[in-house]
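Trainee: Dropping the structure in here first, questions after.
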Amino acid sequence: MNKDQRYQPARWHGMAATLAAGLFGVLLFAGGQLLLLPEFYHPIHLSLGFAAVVVCWLVALQGWAVFPHTLSTERLMMGALFFSAGALFSVHFVLSFTEDDVLAALFSLAARFTLAWGLLFLFSRPDEVMERQSGQRWQAFLAAFLYTAAVSLFIHITSLFWPAHGTSRWPFWWRAGEGAVGLLDAAAAVFAWRRFRQGRAPASLYWSMALLLFALGQWLLMLGSGYGLWGQLYEMAGFLYVVRAMYMETVEKPYVELKHREQQLEMMANALGEGLLMVNRDGQIVWMNPEASRLIGATLEEAKGKPLFSFVSLAGPDGDKWDWKQLRRVVKRLKSGEVIRVEEEPFRRRDGVCLPVGYTLAPVLENGALAGLVAVLRDMTEKKEKERLEREREQLDFELSLAANMQRSLLQTSSKVNLPSYIDIGVLSVPARVLSGDFYHFAVHQTSVSVGIADVSGKGIPAAMLMTLMKFILDRTVHYGTQPHVYLDLLNRFAYDYTEPSMFVTMFVGNYNEKTHTFSYACAGHEPALWYRAKTKQCVPLGAKGCALGLFPQFSFETKSVVLEPGDFVLLYTDGVTEKRTEEADDDFSVLAAMVARVNLDQPAPEIVRELYEHIQAYHQYEQKDDQTLLLLRRR
C-alpha cells in the first residue's frame with residue numbers, strides 16, 4: 001500500500017471528525033435548545049445504554065477468543081478492560097429501571113472512566129507478544145472481575161454521601177467527572193492517531209475517531225440534562241467505530257493477510273519447475289499448479305473434484321498398469337506417515353502420452369488419519385535426454401582419445417627414425433583440440449633426408465582425417481624421387497580427387513643431400529621456411545611458387561635449393577605458430593626470426609625447438625587458438 005492509498009481513509013475520517021466537531025459547536029451555540037423528543041428520552045436512553053452494554057461484552061468476548069492465536073498483550077488487556085466496562089454498564093442499565101438515578105449515574109460514570117484511562121494506558125505503550133503460559137486469560141479476566149467488584153463496592157458504600165440530583169452540589173461533581181473522562185478520551189485519541197501516523201496499526205485510525213467521539217460525548221454530558229441524549233448519541237457513534245476497529249483487526253486484517261499469503265504461495269507454486277498437486281482422502285484432485293496440469297494433461301477446472309487416476313496411470317516395471325493391490329500397499333504406507341519417493345516411473349496420461357516422471361508422495365494426516373496427500377511431480381524427460389547426450393559425449397570423447405592416440409602414434413613413427421650423423425632434427429607439434437590438422441614428416445634415404453610439414457584447412461575430426469590420409473600418401477610418395485615438386489604434384493592430384501571441395505592443404509617439403517649439402521625444397525601455399533645462416537647469424541626466408549593442394553587438378557610446382565653450411569638450419573612451421581587473429585601484427589617471418597634470435601642455438605635441435613616454443617607461448621599470451629607445429633633440420 002502506497003502513501004496515498006494509506007492516507008485516503010484518513011481524509012474521509014478527517015471530514016467526519018470535522019462534521020462531528022461542527023455539530024458539537026452548533027449544539028453549544030444552541031444552548032441546549034435542540035432537544036430530541038423529550039417525551040421519548042427515557043426509551044432512547046435505555047436503548048443506547050443497552051447498545052453500549054452489548055458492544056462492551058462483544059469486545060470482551062473477542063479479546064478472550066483471539067488472545068490464544070495472537071498472544072497479544074494489548075488484545076488480552078483490552079478484552080479485560082471491556083469486560084469491566086461491560087459489567088459496570090450492565091449494572092447501570094439494570095439500575096436505570098429503578099428510582100435510584102444517582103447510583104445508576106455513578107455506575108455509568110465509572111464505566112466511562114474505566115474505558116478512558118484503560119484505553120489511554122493501552123495506546124500510550126507499544127503492543128507486546130507474550131510467552132504462551134497456561135491460565136493467562138483467566139488471570140487477566142479475574143483481575144478485571146476483582147476491579148469491577150471493588151469499584152461496585154466503593155460506589156455502594158459512598159453512594160449515601162453523594163448528593164441527589166436536586167441539590168446544588170451534584171452538578172459540579174458530576175460535571176467535573178464527565179469533563180475529566182472527556183480529557184482522558186481526548187488524550188487517548190491523540191495517542192491512537194500517533195500510532196496510525198507511525199504506520200503500526202491501520203485500525204488505530206478508527207480508534208482515534210471512536211475516542212474523539214467519546215470525548216465530545218462526555219463534554220456534552222458534562223453540560224447537563226439538555227445535552228444528555230446528544231452525548232449518548234456521540235458515545236454510541238464512538239462504539240460503532242470501536243466495532244469497526246475490532247472487525248478490522250480480528251476479521252478483515254487476518255483475512256487480507258491470509259489472502260495475500262495465499263496469493264504469494266500460489267505465485268511460488270506456479271513458478272516452480274515441478275508439478276505440485278493436492279489430493280483428498282477420496283483420491284480427488286483439490287488443487288494443482290500449471291506444471292502439474294501439463295503433466296496430467298488437464299486444467300485445474302477440468303480436473304478439480306475428479307479422481308486423479310481418471311487422468312493418469314502409473315505403469316509398473318514391465319509397462320503394465322498398477323493393480324489395486326499395489327495401490328492399497330501405497331495407501332497403507334501413506335497412512336503410516338511414510339513419505340514415498342520414486343526417482344522415475346512411466347507416467348501415462350489419459351490422452352496416451354507417456355512421460356518419465358519422478359514423484360514424491362507426502363501424506364496429510366489429521367488426528368492420525370490420512371486426510372489426503374501432496375504430490376510433487378518432476379518431468380524427467382529433459383534429464384533422460386541429458387543423460388543420453390552425456391553418454392554419447394563420453395563415447396565420442398573416448399573415440400576421439402583413441403583417434404588422438406593413433407594420430408600421435410602415426411606422427412611419432414617418423415621421430416623414431418635413426419638419424420645419420422650429418423644432421424640434427426627437432427620437432428614439436430601441439431594440437432589446439434584433441435585432434436590436430438597439422439602434420440610433419442621426415443625420412444632417411446641412402447644419401448639424403450626428406451622433411452615436410454603441412455596444415456589442413458579447418459580443425460577437429462575432418463582435418464584430422466585428411467591429415468592422416470596425406471601423411472600416409474606422403475610416406476609412400478617420397479620413394480618416387482628426390483625432387484620435392486614431384487611429391488607435391490602427386491599429393492595435389494590425390495587431394496583434388498578424394499577430398500571435399502571446401503578443404504585444402506598447405507605444405508612445405510624439402511630434401512637435404514649429404515654429398516652436395518644442398519637443401520632442395522618446394523612449397524604449396526605454405527609459409528616460407530626460415531633458413532638460419534650460422535656465419536652471418538641471419539635468417540633468410542625460403543619460399544617457392546605453388547598453391548595449396550586440392551584446389552586445382554594440376555599445378556606446376558617448382559623446386560628451389562640452397563647450400564647449407566655447417567651449423568646452418570632450416571625451420572619449418574605452420575601458421576598457428578605466429579598468426580594473431582585478433583590484432584594486426586608484423587609479418588610472420590619477422591616475428592619468428594625475432595624469436596629465434598632470443599634462443600640459445602648452441603644446444604641440440606630438440607632443445608632449440610622446445611625453447612623456441614616457450615617464446616611462442618608468451619607471444620600468444622598462453623592462449624592457443626590453432627594447431628602449432630615446428631620442425632628444425634640442422635647440418636652438423
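Order determines the names: the first chain of the C-alpha cells is A, the second B, and so forth; residues in each chain are numbered 1 upward, and ligands are numbered 1 upward as they are shown.
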Find the residues of segment 540-586 of chain A that sit at most 10 Å from segment 607-624 of chain A; for each, write down the nearest two atoms and how far apart they are in Å, to one decimal. Count only C-alpha atoms. Sort by chain, then by number going up, and give it as a Markdown table.
Mentor:
| residue | atom | partner | partner_atom | distance |
| --- | --- | --- | --- | --- |
| A:Leu571 | CA | A:Val609 | CA | 9.2 |
| A:Gly576 | CA | A:Gln624 | CA | 8.3 |
| A:Val577 | CA | A:Ile616 | CA | 6.5 |
| A:Thr578 | CA | A:Ile616 | CA | 7.3 |
| A:Glu579 | CA | A:His620 | CA | 8.8 |
| A:Lys580 | CA | A:His620 | CA | 7.4 |
Trainee: Excluding Met77 of chain A and its own-chain neighbours fewer than 2 positions away, which residues fall within 9 Å of it when counting only C-alpha atoms? Please give them as a PyMOL selection string.
Mentor: chain A and resi 63+72-75+79-82+118+122+140-141
Trainee: Can those selected residues be exported to a file as a short mmCIF file (atom, residue, chain, number, x, y, z; two decimals), in the first residue's frame so that it contains N, CA and C atoms?
Mentor:
data_model
loop_
_atom_site.label_atom_id
_atom_site.label_comp_id
_atom_site.auth_asym_id
_atom_site.auth_seq_id
_atom_site.Cartn_x
_atom_site.Cartn_y
_atom_site.Cartn_z
N GLY A 63 -11.70 -10.39 22.75
CA GLY A 63 -10.37 -10.44 23.37
C GLY A 63 -10.08 -11.81 23.97
N SER A 72 -1.28 -11.44 21.97
CA SER A 72 -1.06 -10.00 22.06
C SER A 72 -1.45 -9.51 23.46
N THR A 73 -0.53 -8.82 24.10
CA THR A 73 -0.82 -8.24 25.42
C THR A 73 -1.95 -7.23 25.31
N GLU A 74 -1.94 -6.44 24.26
CA GLU A 74 -2.97 -5.41 24.09
C GLU A 74 -4.34 -6.03 23.90
N ARG A 75 -4.44 -7.12 23.11
CA ARG A 75 -5.73 -7.77 22.89
C ARG A 75 -6.28 -8.34 24.20
N GLY A 79 -9.59 -6.87 26.13
CA GLY A 79 -10.72 -7.72 26.45
C GLY A 79 -11.10 -7.62 27.92
N ALA A 80 -10.09 -7.64 28.81
CA ALA A 80 -10.37 -7.50 30.24
C ALA A 80 -10.93 -6.12 30.56
N LEU A 81 -10.42 -5.07 29.88
CA LEU A 81 -10.90 -3.72 30.10
C LEU A 81 -12.38 -3.59 29.75
N PHE A 82 -12.76 -4.09 28.58
CA PHE A 82 -14.16 -4.00 28.17
C PHE A 82 -15.05 -4.95 28.98
N GLY A 118 -8.18 3.20 30.75
CA GLY A 118 -7.64 1.94 30.22
C GLY A 118 -7.15 2.09 28.79
N LEU A 122 -3.35 1.78 27.20
CA LEU A 122 -3.02 0.82 26.14
C LEU A 122 -2.40 1.51 24.93
N ALA A 140 -6.09 -12.50 33.66
CA ALA A 140 -6.44 -11.15 33.25
C ALA A 140 -7.91 -10.85 33.54
N PHE A 141 -8.81 -11.78 33.20
CA PHE A 141 -10.22 -11.51 33.41
C PHE A 141 -10.61 -11.60 34.89
#
Trainee: Which residues are close to Arg333 of chain A, i.e. within 12 Å by only C-alpha atoms, leaving aside same-chain residues fewer than 6 positions away? Reply as a tab-separated table (two decimals) with C-alpha atoms, in the first residue's frame.
Mentor:
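Saved file selection_14.tsv follows:
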chain	number	residue	atom	x	y	z
A	326	GLN	CA	-0.25	-52.20	-5.36
A	327	LEU	CA	-2.29	-49.06	-4.74
A	339	VAL	CA	6.87	-40.20	2.55
A	340	ILE	CA	7.21	-42.14	-0.72
A	341	ARG	CA	9.88	-41.06	-3.20
A	361	LEU	CA	4.00	-38.51	-2.18
A	362	ALA	CA	3.66	-36.83	1.23
A	363	PRO	CA	0.68	-37.80	3.41
A	370	LEU	CA	-5.00	-39.96	6.27
A	373	LEU	CA	-1.71	-36.25	0.14
Trainee: Please determine, counting only C-alpha atoms, which residue among A:Val353, A:Val279, A:Ala17, A:Ala150 has the shortest atom-to-atom distance to Leu216 of chain A.
Mentor: A:Ala17
Trainee: Please report, as JSON lines, each residue of segment 52-160 of chain A lying at most 12 Å from segment 253-257 of chain A, together with the nearest pair of atoms and the separation in Å rounded to one decimal; use only C-alpha atoms, and order rows by chain and ascending residue number.
Mentor:
{"residue": "A:Val66", "atom": "CA", "partner": "A:Pro254", "partner_atom": "CA", "distance": 11.2}
{"residue": "A:His69", "atom": "CA", "partner": "A:Pro254", "partner_atom": "CA", "distance": 11.1}
{"residue": "A:Thr70", "atom": "CA", "partner": "A:Pro254", "partner_atom": "CA", "distance": 10.7}
Trainee: Could you give me, as an MDAnalysis selection string, each residue of segment 504-576 of chain A that DSSP assigns to strand (DSSP E) when run on this structure's backbone?
Mentor: chainID A and resid 505:513 518:524 529:533 538:542 560:563 569:573
Trainee: So, with only C-alpha atoms as the atoms that count, which of A:Phe239, A:Tyr227, A:Lys335, A:Glu262 lies closest to Glu366 of chain A?
Mentor: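 Nearest candidate to Glu366 of chain A out of A:Phe239, A:Tyr227, A:Lys335, A:Glu262: A:Lys335.
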Trainee: List the neighbours of Thr360 of chain A out to 12 Å using only C-alpha atoms; skip same-chain residues closer than 4 positions along the sequence, and give me the result as a list in words.
Mentor: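 The residues satisfying every condition are Glu274, Gly275, Leu276, Leu277, Met278, Val330, Leu334, Glu338, Val339, Ile340, Arg341, Val342, Glu343, Glu344, Glu345, Leu373, Val374, Ala375, Val376, Leu377 and Arg378 of chain A.
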Trainee: Can you list, as an MDAnalysis selection string, every protein, DNA or RNA residue that comes within 10 Å of Gly179 of chain A when you count only C-alpha atoms, leaving out same-chain residues fewer than 6 positions away?
Mentor: chainID A and resid 173 185 215:223
Trainee: Identify, on the basis of only C-alpha atoms, every residue whose closest approach to segment 549-563 of chain A does not exceed 8 Å; exclude the query and any residue fewer than 2 positions from it along the same chain; express the result as a VMD selection string.
Mentor: chain A and resid 483 to 485 488 to 489 491 to 497 499 501 503 to 507 516 to 525 544 to 547 565
Trainee: Could the residues in this selection be saved with N, CA, C and O atoms as a short mmCIF file (atom, residue, chain, number, x, y, z; two decimals), in the first residue's frame?
Mentor:
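Result went into out_1.cif, see below:
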data_model
loop_
_atom_site.label_atom_id
_atom_site.label_comp_id
_atom_site.auth_asym_id
_atom_site.auth_seq_id
_atom_site.Cartn_x
_atom_site.Cartn_y
_atom_site.Cartn_z
N GLN A 483 63.04 -35.11 -55.94
CA GLN A 483 62.66 -33.73 -56.22
C GLN A 483 61.38 -33.40 -55.47
O GLN A 483 60.34 -34.04 -55.65
N PRO A 484 61.39 -32.37 -54.60
CA PRO A 484 60.21 -32.06 -53.79
C PRO A 484 58.96 -31.73 -54.59
O PRO A 484 57.85 -32.05 -54.18
N HIS A 485 59.13 -31.11 -55.78
CA HIS A 485 57.93 -30.77 -56.54
C HIS A 485 57.21 -32.01 -57.03
O HIS A 485 56.00 -31.97 -57.29
N LEU A 488 54.80 -32.96 -54.29
CA LEU A 488 53.62 -32.10 -54.25
C LEU A 488 52.68 -32.38 -55.41
O LEU A 488 51.45 -32.31 -55.25
N ASP A 489 53.22 -32.72 -56.57
CA ASP A 489 52.37 -33.00 -57.73
C ASP A 489 51.50 -34.22 -57.48
O ASP A 489 50.30 -34.21 -57.75
N LEU A 491 50.68 -35.52 -54.49
CA LEU A 491 49.76 -35.23 -53.39
C LEU A 491 48.61 -34.33 -53.83
O LEU A 491 47.48 -34.47 -53.38
N ASN A 492 48.89 -33.40 -54.72
CA ASN A 492 47.85 -32.49 -55.21
C ASN A 492 46.77 -33.26 -55.96
O ASN A 492 45.58 -33.01 -55.79
N ARG A 493 47.19 -34.21 -56.83
CA ARG A 493 46.20 -34.97 -57.57
C ARG A 493 45.35 -35.84 -56.62
O ARG A 493 44.13 -35.96 -56.79
N PHE A 494 45.96 -36.39 -55.60
CA PHE A 494 45.20 -37.18 -54.63
C PHE A 494 44.22 -36.29 -53.86
O PHE A 494 43.04 -36.65 -53.69
N ALA A 495 44.70 -35.14 -53.39
CA ALA A 495 43.84 -34.25 -52.60
C ALA A 495 42.67 -33.75 -53.44
O ALA A 495 41.54 -33.61 -52.94
N TYR A 496 42.90 -33.47 -54.71
CA TYR A 496 41.82 -32.97 -55.57
C TYR A 496 40.76 -34.04 -55.82
O TYR A 496 39.57 -33.76 -55.87
N ASP A 497 41.20 -35.30 -55.99
CA ASP A 497 40.27 -36.38 -56.32
C ASP A 497 39.51 -36.91 -55.11
O ASP A 497 38.35 -37.34 -55.25
N THR A 499 39.18 -35.45 -51.69
CA THR A 499 38.79 -34.59 -50.56
C THR A 499 37.62 -33.71 -50.96
O THR A 499 37.32 -33.53 -52.15
N PRO A 501 35.53 -30.37 -51.74
CA PRO A 501 35.97 -29.16 -52.45
C PRO A 501 36.31 -28.01 -51.51
O PRO A 501 37.11 -27.15 -51.87
N MET A 503 37.87 -28.20 -48.73
CA MET A 503 39.08 -28.45 -47.94
C MET A 503 40.31 -28.38 -48.83
O MET A 503 40.28 -28.71 -50.03
N PHE A 504 41.40 -27.98 -48.22
CA PHE A 504 42.67 -27.90 -48.94
C PHE A 504 43.80 -28.08 -47.94
O PHE A 504 43.57 -28.08 -46.73
N VAL A 505 45.02 -28.22 -48.46
CA VAL A 505 46.19 -28.48 -47.62
C VAL A 505 47.33 -27.59 -48.10
O VAL A 505 47.61 -27.51 -49.30
N THR A 506 47.96 -26.89 -47.15
CA THR A 506 49.20 -26.17 -47.46
C THR A 506 50.36 -27.03 -46.98
O THR A 506 50.27 -27.69 -45.93
N MET A 507 51.46 -27.03 -47.74
CA MET A 507 52.58 -27.94 -47.40
C MET A 507 53.90 -27.33 -47.84
O MET A 507 53.98 -26.59 -48.82
N THR A 516 76.11 -33.24 -51.59
CA THR A 516 76.23 -31.88 -52.12
C THR A 516 75.89 -30.82 -51.06
O THR A 516 76.10 -29.63 -51.30
N HIS A 517 75.33 -31.26 -49.91
CA HIS A 517 74.92 -30.34 -48.83
C HIS A 517 73.88 -29.32 -49.29
O HIS A 517 73.79 -28.22 -48.73
N THR A 518 73.14 -29.68 -50.33
CA THR A 518 72.08 -28.80 -50.81
C THR A 518 70.76 -29.20 -50.15
O THR A 518 70.47 -30.38 -49.90
N PHE A 519 69.97 -28.17 -49.92
CA PHE A 519 68.62 -28.39 -49.38
C PHE A 519 67.65 -27.96 -50.46
O PHE A 519 67.51 -26.77 -50.76
N SER A 520 67.02 -28.96 -51.12
CA SER A 520 66.04 -28.68 -52.17
C SER A 520 64.65 -28.62 -51.53
O SER A 520 64.31 -29.45 -50.68
N TYR A 521 63.81 -27.69 -52.00
CA TYR A 521 62.51 -27.52 -51.36
C TYR A 521 61.48 -27.05 -52.36
O TYR A 521 61.80 -26.50 -53.42
N ALA A 522 60.23 -27.31 -52.01
CA ALA A 522 59.07 -26.85 -52.79
C ALA A 522 57.96 -26.48 -51.81
O ALA A 522 57.86 -27.02 -50.71
N CYS A 523 57.08 -25.55 -52.24
CA CYS A 523 56.05 -25.02 -51.34
C CYS A 523 54.70 -25.04 -52.03
O CYS A 523 54.59 -24.69 -53.21
N ALA A 524 53.67 -25.46 -51.28
CA ALA A 524 52.30 -25.47 -51.80
C ALA A 524 51.44 -24.55 -50.93
O ALA A 524 50.68 -25.00 -50.05
N GLY A 525 51.61 -23.25 -51.15
CA GLY A 525 50.81 -22.27 -50.43
C GLY A 525 51.12 -22.17 -48.95
O GLY A 525 50.32 -21.59 -48.20
N ALA A 544 58.75 -20.64 -52.42
CA ALA A 544 58.70 -21.10 -53.80
C ALA A 544 57.28 -21.00 -54.31
O ALA A 544 56.31 -20.98 -53.54
N LYS A 545 57.15 -20.95 -55.66
CA LYS A 545 55.84 -20.81 -56.28
C LYS A 545 55.01 -22.08 -56.06
O LYS A 545 55.51 -23.19 -56.21
N GLY A 546 53.73 -21.89 -55.70
CA GLY A 546 52.85 -23.05 -55.52
C GLY A 546 51.58 -22.65 -54.79
O GLY A 546 51.59 -21.77 -53.93
N CYS A 547 50.48 -23.32 -55.15
CA CYS A 547 49.21 -23.07 -54.47
C CYS A 547 48.88 -24.25 -53.57
O CYS A 547 49.52 -25.30 -53.63
N GLU A 565 75.63 -24.57 -44.89
CA GLU A 565 76.96 -24.61 -44.30
C GLU A 565 76.87 -25.27 -42.92
O GLU A 565 75.77 -25.42 -42.36
#
